[in-house]
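Visitor: Structure below; questions to follow.
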Amino acid sequence: MLNVVLFGPPGAGKGTQSERLITKYGLVHLSTGDIFRANIKGQTALGQLAKSYIDKGALVPDEVTIGLLTSEVEKHEDPKGFIFDGFPRTTAQAEALDKYLDARNTPITMMLSLVVPEDELKTRLLERAKTSGRTDDADPKIIENRIATYHKETAPVANFYGAQDKLHTIDGVGSIDSITERLYAVIG
Ligand code: ADP
């Protein structure tokens with residue numbers, strides 16, 4: 001199995017590049033952000049809970065997110081692999097994912113980390129807000145919180161995979177196609 005963690009700050013291009021990778025490698029795309037937004041739209045209890053965190057630019061609690069992710073993995077029978085997009089976002093999530101995948105003998109193959117400067121991230125998120133309808137993209141204060149949360153809680157997850165020699169950093173600035181080519185080159 002090819003299990004890829006696609007990593008990077010908000011606005012790094014994880015969702016866009018995931019779409020390319022799932023087509024090329026036949027993978028299942030699991031985006032915790034997309035799952036939360038679908039639940040908000042469907043007005044589920046999970047959606048209501050997630051919304052209260054997302055609207056502040058904070059993370060949804062680990063136990064909720066981990067349970068959600070593992071139940072999504074289990075929905076797929078005999079997959080070629082997964083792209084984890086927006087998960088794991090804390091070291092506790094990474095540890096839980098490793099434990100879960102080890103028990104299934106399908107460990108993470110690699111982490112691909114998209115590197116994009118902060119000014120560029122803010123510009124991209126505000127631009128995306130014009131079409132995405134995402135309230136967390138439209139407010140500069142929420143964007144600041146999301147980026148601060150990324151530095152404090154999420155960035156250390158790269159070290160977690162780095163310690164396992166699974167971390168690859170990719171320049172996330174340039175055309176969408178050129179970034180896709182960089183990712184293909186690393187995955188092989
Ligand atoms: P982005 O990468 O642009 O921030 P996402 O769609 O990945 O967007 O996530 C949107 C929001 O959903 C996050 O700001 C956070 O509140 C919540 N979220 C998504 N994934 C996780 C996760 N793994 N753990 C906790 N919260 C999450």
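Each chain in the structure tokens gets a letter, A, B and so on, in the order shown; residues start at 1 in every chain, and ligands are counted from 1 in the order they appear.
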I'd like to know which residues of segment 30-107 of chain A are strand (DSSP E or B) (by DSSP, run on the backbone); could you write them as an NGL selection string?
Guide: :A and (30-31 or 81-85)
Visitor: Output N, CA, C and O atoms for every residue in that selection, as a compact mmCIF listing (two decimals), in the first residue's frame.
Guide:
# COMPACT_ATOMS: atom_id res chain seq x y z
N LEU A 30 -8.51 11.12 1.95
CA LEU A 30 -9.19 11.36 3.23
C LEU A 30 -8.79 12.73 3.76
O LEU A 30 -7.66 12.93 4.22
N SER A 31 -9.71 13.67 3.67
CA SER A 31 -9.47 15.02 4.18
C SER A 31 -10.37 15.26 5.38
O SER A 31 -11.60 15.29 5.23
N GLY A 81 -4.21 2.49 -1.35
CA GLY A 81 -3.54 3.34 -0.38
C GLY A 81 -4.38 4.57 -0.10
O GLY A 81 -5.43 4.76 -0.71
N PHE A 82 -3.90 5.38 0.82
CA PHE A 82 -4.64 6.58 1.22
C PHE A 82 -3.74 7.81 1.09
O PHE A 82 -2.53 7.73 1.29
N ILE A 83 -4.40 8.93 0.82
CA ILE A 83 -3.74 10.22 1.01
C ILE A 83 -4.40 10.84 2.22
O ILE A 83 -5.62 11.09 2.23
N PHE A 84 -3.65 11.07 3.24
CA PHE A 84 -4.16 11.75 4.43
C PHE A 84 -3.88 13.24 4.27
O PHE A 84 -2.72 13.67 4.21
N ASP A 85 -4.95 14.01 4.18
CA ASP A 85 -4.85 15.45 3.89
C ASP A 85 -5.46 16.20 5.07
O ASP A 85 -6.66 16.09 5.33
Visitor: Kindly work out which residues sit at most 9 Å from ligand 1, using only C-alpha atoms and all ligand atoms, and give the list as an MDAnalysis selection string.
Guide: chainID A and resid 7:15 31:37 50:62 64:66 69 85:90 93 125 136:137 142:143 145:147 149:150 154
Visitor: Would you export the selected residues with N, CA and C atoms as a compact mmCIF listing (two decimals), in the first residue's frame, please?
Guide:
# COMPACT_ATOMS: atom_id res chain seq x y z
N PHE A 7 1.21 17.15 3.76
CA PHE A 7 1.32 18.03 4.92
C PHE A 7 1.63 19.46 4.48
N GLY A 8 1.25 20.40 5.32
CA GLY A 8 1.59 21.80 5.05
C GLY A 8 0.60 22.71 5.74
N PRO A 9 0.94 23.99 5.85
CA PRO A 9 0.05 24.94 6.53
C PRO A 9 -1.24 25.18 5.75
N PRO A 10 -2.23 25.84 6.37
CA PRO A 10 -3.47 26.17 5.66
C PRO A 10 -3.13 26.98 4.41
N GLY A 11 -3.68 26.56 3.28
CA GLY A 11 -3.44 27.29 2.03
C GLY A 11 -2.23 26.79 1.26
N ALA A 12 -1.60 25.72 1.73
CA ALA A 12 -0.38 25.22 1.07
C ALA A 12 -0.69 24.50 -0.24
N GLY A 13 -1.94 24.09 -0.42
CA GLY A 13 -2.31 23.41 -1.67
C GLY A 13 -2.52 21.92 -1.51
N LYS A 14 -2.78 21.49 -0.29
CA LYS A 14 -2.93 20.05 -0.03
C LYS A 14 -4.13 19.47 -0.79
N GLY A 15 -5.24 20.16 -0.73
CA GLY A 15 -6.47 19.66 -1.38
C GLY A 15 -6.29 19.58 -2.89
N SER A 31 -9.71 13.67 3.67
CA SER A 31 -9.47 15.02 4.18
C SER A 31 -10.37 15.26 5.38
N THR A 32 -9.77 15.42 6.54
CA THR A 32 -10.59 15.64 7.74
C THR A 32 -11.37 16.96 7.61
N GLY A 33 -10.75 17.97 6.99
CA GLY A 33 -11.46 19.25 6.80
C GLY A 33 -12.71 19.05 5.94
N ASP A 34 -12.57 18.29 4.84
CA ASP A 34 -13.74 18.03 3.97
C ASP A 34 -14.82 17.26 4.73
N ILE A 35 -14.40 16.29 5.54
CA ILE A 35 -15.39 15.49 6.27
C ILE A 35 -16.12 16.38 7.29
N PHE A 36 -15.37 17.24 7.97
CA PHE A 36 -16.03 18.16 8.91
C PHE A 36 -17.01 19.07 8.18
N ARG A 37 -16.59 19.62 7.04
CA ARG A 37 -17.48 20.54 6.30
C ARG A 37 -18.73 19.82 5.81
N ALA A 50 -17.72 20.39 15.45
CA ALA A 50 -16.55 20.81 14.67
C ALA A 50 -16.62 22.30 14.36
N LYS A 51 -17.81 22.78 14.02
CA LYS A 51 -17.98 24.18 13.63
C LYS A 51 -17.52 25.13 14.74
N SER A 52 -17.78 24.74 15.98
CA SER A 52 -17.44 25.64 17.08
C SER A 52 -15.92 25.85 17.19
N TYR A 53 -15.15 24.89 16.74
CA TYR A 53 -13.68 25.02 16.72
C TYR A 53 -13.20 25.68 15.43
N ILE A 54 -13.74 25.21 14.31
CA ILE A 54 -13.30 25.70 13.00
C ILE A 54 -13.52 27.21 12.89
N ASP A 55 -14.64 27.68 13.41
CA ASP A 55 -14.95 29.11 13.34
C ASP A 55 -13.98 29.98 14.12
N LYS A 56 -13.24 29.36 15.02
CA LYS A 56 -12.23 30.14 15.78
C LYS A 56 -10.84 29.96 15.20
N GLY A 57 -10.71 29.05 14.26
CA GLY A 57 -9.37 28.75 13.73
C GLY A 57 -8.61 27.81 14.65
N ALA A 58 -9.35 27.12 15.52
CA ALA A 58 -8.74 26.15 16.44
C ALA A 58 -8.89 24.74 15.88
N LEU A 59 -8.21 23.79 16.50
CA LEU A 59 -8.33 22.40 16.06
C LEU A 59 -9.49 21.71 16.77
N VAL A 60 -10.13 20.82 16.06
CA VAL A 60 -11.16 19.96 16.65
C VAL A 60 -10.41 18.98 17.58
N PRO A 61 -10.98 18.64 18.75
CA PRO A 61 -10.24 17.80 19.71
C PRO A 61 -9.77 16.47 19.10
N ASP A 62 -8.60 16.03 19.56
CA ASP A 62 -7.97 14.82 19.02
C ASP A 62 -8.88 13.61 19.06
N VAL A 64 -12.01 13.20 18.98
CA VAL A 64 -13.08 13.25 17.98
C VAL A 64 -12.50 12.98 16.59
N THR A 65 -11.39 13.66 16.30
CA THR A 65 -10.80 13.59 14.95
C THR A 65 -10.21 12.21 14.67
N ILE A 66 -9.56 11.63 15.66
CA ILE A 66 -8.95 10.31 15.48
C ILE A 66 -10.03 9.26 15.24
N LEU A 69 -11.42 9.66 11.73
CA LEU A 69 -10.47 9.23 10.68
C LEU A 69 -10.42 7.71 10.57
N ASP A 85 -4.95 14.01 4.18
CA ASP A 85 -4.85 15.45 3.89
C ASP A 85 -5.46 16.20 5.07
N GLY A 86 -4.63 16.91 5.80
CA GLY A 86 -5.13 17.63 6.98
C GLY A 86 -5.14 16.76 8.22
N PHE A 87 -4.56 15.61 8.14
CA PHE A 87 -4.45 14.66 9.25
C PHE A 87 -3.18 13.85 9.03
N PRO A 88 -2.36 13.59 10.06
CA PRO A 88 -2.47 14.08 11.43
C PRO A 88 -2.02 15.54 11.57
N ARG A 89 -2.66 16.24 12.48
CA ARG A 89 -2.39 17.66 12.70
C ARG A 89 -1.83 17.92 14.09
N THR A 90 -1.69 16.90 14.88
CA THR A 90 -1.01 17.01 16.18
C THR A 90 -0.16 15.75 16.34
N GLN A 93 -2.23 12.83 17.28
CA GLN A 93 -2.91 12.21 16.12
C GLN A 93 -1.94 11.33 15.34
N LEU A 125 -5.47 32.22 0.85
CA LEU A 125 -6.68 31.93 1.61
C LEU A 125 -7.75 32.99 1.36
N ASP A 136 -13.94 30.46 7.40
CA ASP A 136 -12.61 30.48 8.04
C ASP A 136 -11.54 31.04 7.11
N ASP A 137 -11.86 31.20 5.82
CA ASP A 137 -10.91 31.81 4.88
C ASP A 137 -11.13 33.32 4.75
N ILE A 142 -9.16 35.00 11.80
CA ILE A 142 -9.25 33.52 11.85
C ILE A 142 -8.05 32.90 11.12
N ILE A 143 -7.66 33.52 10.01
CA ILE A 143 -6.48 33.02 9.27
C ILE A 143 -5.25 33.08 10.17
N ASN A 145 -5.13 32.95 13.40
CA ASN A 145 -5.25 31.87 14.40
C ASN A 145 -4.89 30.52 13.81
N ARG A 146 -5.35 30.28 12.59
CA ARG A 146 -5.06 28.98 11.96
C ARG A 146 -3.56 28.81 11.73
N ILE A 147 -2.91 29.89 11.31
CA ILE A 147 -1.47 29.80 11.06
C ILE A 147 -0.72 29.65 12.39
N THR A 149 -1.91 28.29 15.12
CA THR A 149 -2.18 26.91 15.56
C THR A 149 -1.30 25.93 14.80
N TYR A 150 -1.12 26.21 13.52
CA TYR A 150 -0.25 25.35 12.71
C TYR A 150 1.16 25.33 13.30
N THR A 154 0.82 21.84 14.91
CA THR A 154 0.93 20.95 13.74
C THR A 154 2.35 20.80 13.22
Visitor: Leaving out Gly172 of chain A and any residue of its chain fewer than 6 positions from it, which residues lie within 7 Å of it when counting only C-alpha atoms, given as a list in words?
Guide: Ala12, Leu114, Val115, Val116 and Ile179 of chain A
Visitor: For the selection just defined, write its residues with C-alpha atoms to a file, as a PDB file, in the first residue's frame.
Guide:
ATOM      1  CA  ALA A  12      -0.384  25.221   1.068  1.00  0.00           C
ATOM      2  CA  LEU A 114       4.547  21.521   1.056  1.00  0.00           C
ATOM      3  CA  VAL A 115       6.538  24.610   2.010  1.00  0.00           C
ATOM      4  CA  VAL A 116       4.952  28.003   1.292  1.00  0.00           C
ATOM      5  CA  ILE A 179       4.261  21.349  -7.920  1.00  0.00           C
TER       6      ILE A 179
END
Visitor: Near Ile187 of chain A, counting only C-alpha atoms, which residues have an atom at most 12 Å away, once you skip same-chain residues fewer than 3 positions from it, shown as a list in words?
Guide: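 Those residues are Leu2, Asn3, Val4, Val5, Leu6, Leu21, Lys24, Tyr25, Thr109, Met110, Met111, Leu112, Lys166, Leu167, His168, Thr169, Ile170, Thr180, Glu181, Arg182, Leu183 and Tyr184 of chain A.
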Visitor: Taking only C-alpha atoms into account, which of A:Leu68, A:Lys99, A:Thr131, A:Pro79 comes nearest Gly47 of chain A?
Guide: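 Among the listed residues, A:Leu68 lies closest to Gly47 of chain A.
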Visitor: Calculate how many Å separate atom CA of Ala185 of chain A from atom CA of Leu101 of chain A, rounding to one decimal.
Guide: 25.1 Å
Visitor: Rank A:Asp119, A:Glu72, A:Asp171, A:Asp78 by their smallest atom-to-atom distance to Gly26 of chain A, using only C-alpha atoms, and report the top residue only.
Guide: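 Closest to Gly26 of chain A, using only C-alpha atoms: A:Asp78.
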Visitor: Between A:Ala92, A:Leu49, A:Met1, A:Ile40, which residue has the minimum interatomic distance to Val157 of chain A, considering only C-alpha atoms?
Guide: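 Under the stated criterion, the closest residue is A:Ala92.
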